[in-house]
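File shown: structure-v4.pdb (PDB, N, CA and C atoms).
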ATOM      1  N   MET V 228     -68.312 110.768 -14.358
ATOM      2  CA  MET V 228     -67.908 110.778 -15.743
ATOM      3  C   MET V 228     -68.769 109.807 -16.545
ATOM      4  N   VAL V 229     -69.114 108.706 -15.939
ATOM      5  CA  VAL V 229     -69.931 107.709 -16.621
ATOM      6  C   VAL V 229     -71.312 108.285 -16.946
ATOM      7  N   LEU V 230     -71.888 109.036 -16.017
ATOM      8  CA  LEU V 230     -73.203 109.628 -16.265
ATOM      9  C   LEU V 230     -73.174 110.580 -17.453
ATOM     10  N   ALA V 231     -72.124 111.361 -17.577
ATOM     11  CA  ALA V 231     -72.011 112.288 -18.693
ATOM     12  C   ALA V 231     -71.894 111.536 -20.013
ATOM     13  N   ILE V 232     -71.140 110.470 -20.031
ATOM     14  CA  ILE V 232     -70.986 109.683 -21.262
ATOM     15  C   ILE V 232     -72.313 109.011 -21.631
ATOM     16  N   ILE V 233     -73.013 108.476 -20.653
ATOM     17  CA  ILE V 233     -74.322 107.887 -20.928
ATOM     18  C   ILE V 233     -75.284 108.967 -21.424
ATOM     19  N   GLY V 234     -75.190 110.165 -20.878
ATOM     20  CA  GLY V 234     -76.019 111.279 -21.349
ATOM     21  C   GLY V 234     -75.764 111.597 -22.810
ATOM     22  N   ILE V 235     -74.515 111.553 -23.225
ATOM     23  CA  ILE V 235     -74.188 111.818 -24.626
ATOM     24  C   ILE V 235     -74.746 110.710 -25.512
ATOM     25  N   VAL V 236     -74.665 109.477 -25.065
ATOM     26  CA  VAL V 236     -75.216 108.360 -25.834
ATOM     27  C   VAL V 236     -76.736 108.489 -25.942
ATOM     28  N   CYS V 237     -77.370 109.024 -24.919
ATOM     29  CA  CYS V 237     -78.830 109.177 -24.918
ATOM     30  C   CYS V 237     -79.331 110.267 -25.863
ATOM     31  N   TRP V 238     -78.450 111.081 -26.423
ATOM     32  CA  TRP V 238     -78.893 112.099 -27.380
ATOM     33  C   TRP V 238     -79.769 111.482 -28.450
ATOM     34  N   PHE V 239     -79.361 110.328 -28.945
ATOM     35  CA  PHE V 239     -79.982 109.743 -30.123
ATOM     36  C   PHE V 239     -81.255 108.974 -29.808
ATOM     37  N   CYS V 240     -81.380 108.454 -28.604
ATOM     38  CA  CYS V 240     -82.548 107.633 -28.293
ATOM     39  C   CYS V 240     -83.545 108.342 -27.378
ATOM     40  N   CYS V 241     -83.076 109.189 -26.488
ATOM     41  CA  CYS V 241     -83.983 109.842 -25.539
ATOM     42  C   CYS V 241     -83.335 111.136 -25.036
ATOM     43  N   SER V 242     -83.544 112.206 -25.764
ATOM     44  CA  SER V 242     -82.869 113.458 -25.417
ATOM     45  C   SER V 242     -83.293 114.030 -24.060
ATOM     46  N   PRO V 243     -84.548 113.885 -23.592
ATOM     47  CA  PRO V 243     -84.838 114.366 -22.238
ATOM     48  C   PRO V 243     -84.008 113.662 -21.164
ATOM     49  N   ALA V 244     -83.735 112.376 -21.362
ATOM     50  CA  ALA V 244     -82.887 111.651 -20.416
ATOM     51  C   ALA V 244     -81.463 112.199 -20.456
ATOM     52  N   ALA V 245     -81.001 112.587 -21.640
ATOM     53  CA  ALA V 245     -79.659 113.162 -21.765
ATOM     54  C   ALA V 245     -79.561 114.471 -20.990
ATOM     55  N   ILE V 246     -80.622 115.265 -21.043
ATOM     56  CA  ILE V 246     -80.632 116.530 -20.301
ATOM     57  C   ILE V 246     -80.545 116.252 -18.797
ATOM     58  N   GLY V 247     -81.380 115.343 -18.327
ATOM     59  CA  GLY V 247     -81.379 115.014 -16.899
ATOM     60  C   GLY V 247     -80.071 114.421 -16.428
ATOM     61  N   LEU V 248     -79.533 113.482 -17.189
ATOM     62  CA  LEU V 248     -78.257 112.867 -16.814
ATOM     63  C   LEU V 248     -77.123 113.887 -16.842
ATOM     64  N   GLY V 249     -77.148 114.768 -17.833
ATOM     65  CA  GLY V 249     -76.104 115.791 -17.923
ATOM     66  C   GLY V 249     -76.129 116.748 -16.743
ATOM     67  N   LEU V 250     -77.335 117.167 -16.359
ATOM     68  CA  LEU V 250     -77.445 118.078 -15.214
ATOM     69  C   LEU V 250     -77.048 117.384 -13.912
ATOM     70  N   PHE V 251     -77.442 116.122 -13.764
ATOM     71  CA  PHE V 251     -77.062 115.367 -12.568
ATOM     72  C   PHE V 251     -75.548 115.167 -12.525
ATOM     73  N   ALA V 252     -74.974 114.813 -13.660
ATOM     74  CA  ALA V 252     -73.519 114.622 -13.725
ATOM     75  C   ALA V 252     -72.786 115.922 -13.429
ATOM     76  N   GLN V 253     -73.339 117.035 -13.910
ATOM     77  CA  GLN V 253     -72.700 118.328 -13.660
ATOM     78  C   GLN V 253     -72.666 118.629 -12.160
ATOM     79  N   SER V 254     -73.756 118.332 -11.472
ATOM     80  CA  SER V 254     -73.755 118.578 -10.025
ATOM     81  C   SER V 254     -72.740 117.684  -9.306
ATOM     82  N   LYS V 255     -72.606 116.449  -9.767
ATOM     83  CA  LYS V 255     -71.627 115.541  -9.152
ATOM     84  C   LYS V 255     -70.190 116.000  -9.434
ATOM     85  N   PHE V 256     -69.933 116.459 -10.660
ATOM     86  CA  PHE V 256     -68.604 116.981 -10.986
ATOM     87  C   PHE V 256     -68.262 118.171 -10.085
ATOM     88  N   ARG V 257     -69.229 119.057  -9.893
ATOM     89  CA  ARG V 257     -68.975 120.245  -9.071
ATOM     90  C   ARG V 257     -68.746 119.879  -7.612
ATOM     91  N   GLU V 258     -69.474 118.862  -7.106
ATOM     92  CA  GLU V 258     -69.247 118.404  -5.729
ATOM     93  C   GLU V 258     -67.821 117.904  -5.543
ATOM     94  N   GLN V 259     -67.280 117.269  -6.582
ATOM     95  CA  GLN V 259     -65.938 116.713  -6.515
ATOM     96  C   GLN V 259     -64.871 117.741  -6.879
ATOM     97  N   GLY V 260     -65.276 118.932  -7.307
ATOM     98  CA  GLY V 260     -64.325 119.970  -7.665
ATOM     99  C   GLY V 260     -63.629 119.724  -8.994
ATOM    100  N   ARG V 261     -64.264 118.953  -9.864
ATOM    101  CA  ARG V 261     -63.678 118.627 -11.164
ATOM    102  C   ARG V 261     -64.324 119.471 -12.254
ATOM    103  N   SER V 262     -63.691 119.513 -13.414
ATOM    104  CA  SER V 262     -64.230 120.233 -14.565
ATOM    105  C   SER V 262     -65.502 119.541 -15.040
ATOM    106  N   ASP V 263     -66.543 120.330 -15.311
ATOM    107  CA  ASP V 263     -67.837 119.763 -15.691
ATOM    108  C   ASP V 263     -68.151 119.948 -17.178
ATOM    109  N   THR V 264     -67.125 120.094 -17.997
ATOM    110  CA  THR V 264     -67.324 120.337 -19.427
ATOM    111  C   THR V 264     -68.058 119.191 -20.104
ATOM    112  N   LEU V 265     -67.699 117.966 -19.813
ATOM    113  CA  LEU V 265     -68.341 116.812 -20.446
ATOM    114  C   LEU V 265     -69.824 116.753 -20.078
ATOM    115  N   ALA V 266     -70.153 117.088 -18.845
ATOM    116  CA  ALA V 266     -71.553 117.104 -18.422
ATOM    117  C   ALA V 266     -72.324 118.208 -19.137
ATOM    118  N   LYS V 267     -71.687 119.365 -19.329
ATOM    119  CA  LYS V 267     -72.338 120.455 -20.070
ATOM    120  C   LYS V 267     -72.621 120.041 -21.503
ATOM    121  N   VAL V 268     -71.675 119.343 -22.109
ATOM    122  CA  VAL V 268     -71.870 118.847 -23.472
ATOM    123  C   VAL V 268     -73.080 117.912 -23.512
ATOM    124  N   ALA V 269     -73.236 117.077 -22.494
ATOM    125  CA  ALA V 269     -74.346 116.121 -22.457
ATOM    126  C   ALA V 269     -75.690 116.832 -22.402
ATOM    127  N   TRP V 270     -75.870 117.789 -21.480
ATOM    128  CA  TRP V 270     -77.194 118.394 -21.374
ATOM    129  C   TRP V 270     -77.465 119.419 -22.463
ATOM    130  N   ILE V 271     -76.456 120.126 -22.927
ATOM    131  CA  ILE V 271     -76.677 121.066 -24.031
ATOM    132  C   ILE V 271     -76.984 120.299 -25.313
ATOM    133  N   GLY V 272     -76.272 119.212 -25.556
ATOM    134  CA  GLY V 272     -76.565 118.375 -26.714
ATOM    135  C   GLY V 272     -77.953 117.770 -26.631
ATOM    136  N   GLY V 273     -78.379 117.399 -25.429
ATOM    137  CA  GLY V 273     -79.737 116.883 -25.245
ATOM    138  C   GLY V 273     -80.784 117.914 -25.611
ATOM    139  N   ILE V 274     -80.553 119.165 -25.244
ATOM    140  CA  ILE V 274     -81.482 120.237 -25.602
ATOM    141  C   ILE V 274     -81.518 120.425 -27.112
ATOM    142  N   VAL V 275     -80.351 120.423 -27.740
ATOM    143  CA  VAL V 275     -80.274 120.593 -29.196
ATOM    144  C   VAL V 275     -81.032 119.475 -29.910
ATOM    145  N   PHE V 276     -80.806 118.234 -29.505
ATOM    146  CA  PHE V 276     -81.488 117.110 -30.152
ATOM    147  C   PHE V 276     -82.988 117.125 -29.869
ATOM    148  N   LEU V 277     -83.393 117.585 -28.698
ATOM    149  CA  LEU V 277     -84.811 117.708 -28.397
ATOM    150  C   LEU V 277     -85.467 118.733 -29.311
ATOM    151  N   VAL V 278     -84.831 119.877 -29.471
ATOM    152  CA  VAL V 278     -85.373 120.915 -30.357
ATOM    153  C   VAL V 278     -85.408 120.420 -31.800
ATOM    154  N   LEU V 279     -84.348 119.760 -32.248
ATOM    155  CA  LEU V 279     -84.341 119.220 -33.611
ATOM    156  C   LEU V 279     -85.444 118.185 -33.806
ATOM    157  N   GLY V 280     -85.693 117.379 -32.812
ATOM    158  CA  GLY V 280     -86.769 116.398 -32.891
ATOM    159  C   GLY V 280     -88.133 117.054 -32.987
ATOM    160  N   ILE V 281     -88.349 118.098 -32.202
ATOM    161  CA  ILE V 281     -89.623 118.814 -32.246
ATOM    162  C   ILE V 281     -89.811 119.487 -33.594
ATOM    163  N   VAL V 282     -88.764 120.138 -34.098
ATOM    164  CA  VAL V 282     -88.848 120.793 -35.402
ATOM    165  C   VAL V 282     -89.082 119.767 -36.502
ATOM    166  N   GLY V 283     -88.390 118.646 -36.447
ATOM    167  CA  GLY V 283     -88.589 117.596 -37.440
ATOM    168  C   GLY V 283     -89.996 117.037 -37.405
ATOM    169  N   TYR V 284     -90.531 116.828 -36.221
ATOM    170  CA  TYR V 284     -91.888 116.327 -36.080
ATOM    171  C   TYR V 284     -92.892 117.346 -36.606
ATOM    172  N   ALA V 285     -92.698 118.628 -36.232
ATOM    173  CA  ALA V 285     -93.623 119.671 -36.672
ATOM    174  C   ALA V 285     -93.573 119.849 -38.190
ATOM    175  N   SER V 286     -92.399 119.768 -38.791
ATOM    176  CA  SER V 286     -92.310 119.923 -40.232
ATOM    177  C   SER V 286     -92.936 118.719 -40.937
ATOM    178  N   GLY V 287     -92.854 117.548 -40.341
ATOM    179  CA  GLY V 287     -93.515 116.363 -40.892
ATOM    180  C   GLY V 287     -95.029 116.515 -40.847
ATOM    181  N   LEU V 288     -95.538 117.086 -39.763
ATOM    182  CA  LEU V 288     -96.970 117.342 -39.673
ATOM    183  C   LEU V 288     -97.409 118.380 -40.693
ATOM    184  N   ALA V 289     -96.583 119.402 -40.898
ATOM    185  CA  ALA V 289     -96.918 120.449 -41.865
ATOM    186  C   ALA V 289     -96.962 119.873 -43.283
ATOM    187  N   ASN V 290     -96.074 118.949 -43.589
ATOM    188  CA  ASN V 290     -96.082 118.319 -44.916
ATOM    189  C   ASN V 290     -97.298 117.433 -45.101
ATOM    190  N   ASP V 291     -97.786 116.809 -44.035
ATOM    191  CA  ASP V 291     -98.971 115.956 -44.143
ATOM    192  C   ASP V 291    -100.237 116.762 -44.388
ATOM    193  N   ILE V 292    -100.288 117.994 -43.886
ATOM    194  CA  ILE V 292    -101.468 118.834 -44.053
ATOM    195  C   ILE V 292    -101.604 119.278 -45.502
ATOM    196  N   ASN V 293    -100.505 119.579 -46.139
ATOM    197  CA  ASN V 293    -100.569 120.080 -47.517
ATOM    198  C   ASN V 293    -100.754 118.968 -48.443
TER     199      ASN V 293
END
How does this structure look as structure tokens?
Amino acid sequence: MVLAIIGIVCWFCCSPAAIGLGLFAQSKFREQGRSDTLAKVAWIGGIVFLVLGIVGYASGLANDIN
């Protein structure tokens, strides 16, 4: 559970780490037979923030060209 929470916190500072922590936490939840919803939130949110970061960076580059 701690890994999933740390993964959610990592959305804002390092989204690739959030993806990795979320996937690792999900595997641990499944080994223990527990619900892995919090871990799914961590890695899916990490993907969303990664995509938003890439789009934001690309749009910033596009504005600099014009």
Grab the atom N of Leu248 in chain V to CA of Ala285 in chain V distance for me, in Å with one decimal place.
24.8 Å
In Å, rounded to a single decimal, give me how far CA of Ala269 in chain V is from CA of Lys255 in chain V.
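Calculated distance between CA of Lys255 in chain V and CA of Ala269 in chain V is 13.6 Å.
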Atomic separation - CA of Met228 in chain V relative to CA of Ala252 in chain V, Å
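One can read the CA of Ala252 in chain V to CA of Met228 in chain V distance as 7.1 Å.
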Hey, what's within 8 Å of Leu277 in chain V if we count only N, CA and C atoms and toss same-chain stuff fewer than 3 positions away? As a list in words, please?
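Those residues are Trp238, Cys241, Ser242, Pro243, Ile271, Gly272, Gly273, Ile274, Gly280, Ile281, Val282 and Gly283 of chain V.
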Gly249 in chain V environment, 7 Å, all atoms listed in the file, sequence neighbours closer than 2 positions dropped, as a PyMOL selection string:
chain V and resi 230-231+234-235+244-247+251-254+265-271
What parts of chain V does DSSP call alpha helix (DSSP H)? I'd like the answer as a VMD selection string.
chain V and resid 229 to 236 242 to 259 264 to 292
Where is the centre and how long are the edges: axis-aligned box on range 240-251 of chain V, 5 Å on each side, Å to one decimal, as AutoDock Vina command-line options:
--center_x -80.2 --center_y 112.9 --center_z -20.6 --size_x 19.3 --size_y 20.4 --size_z 26.1
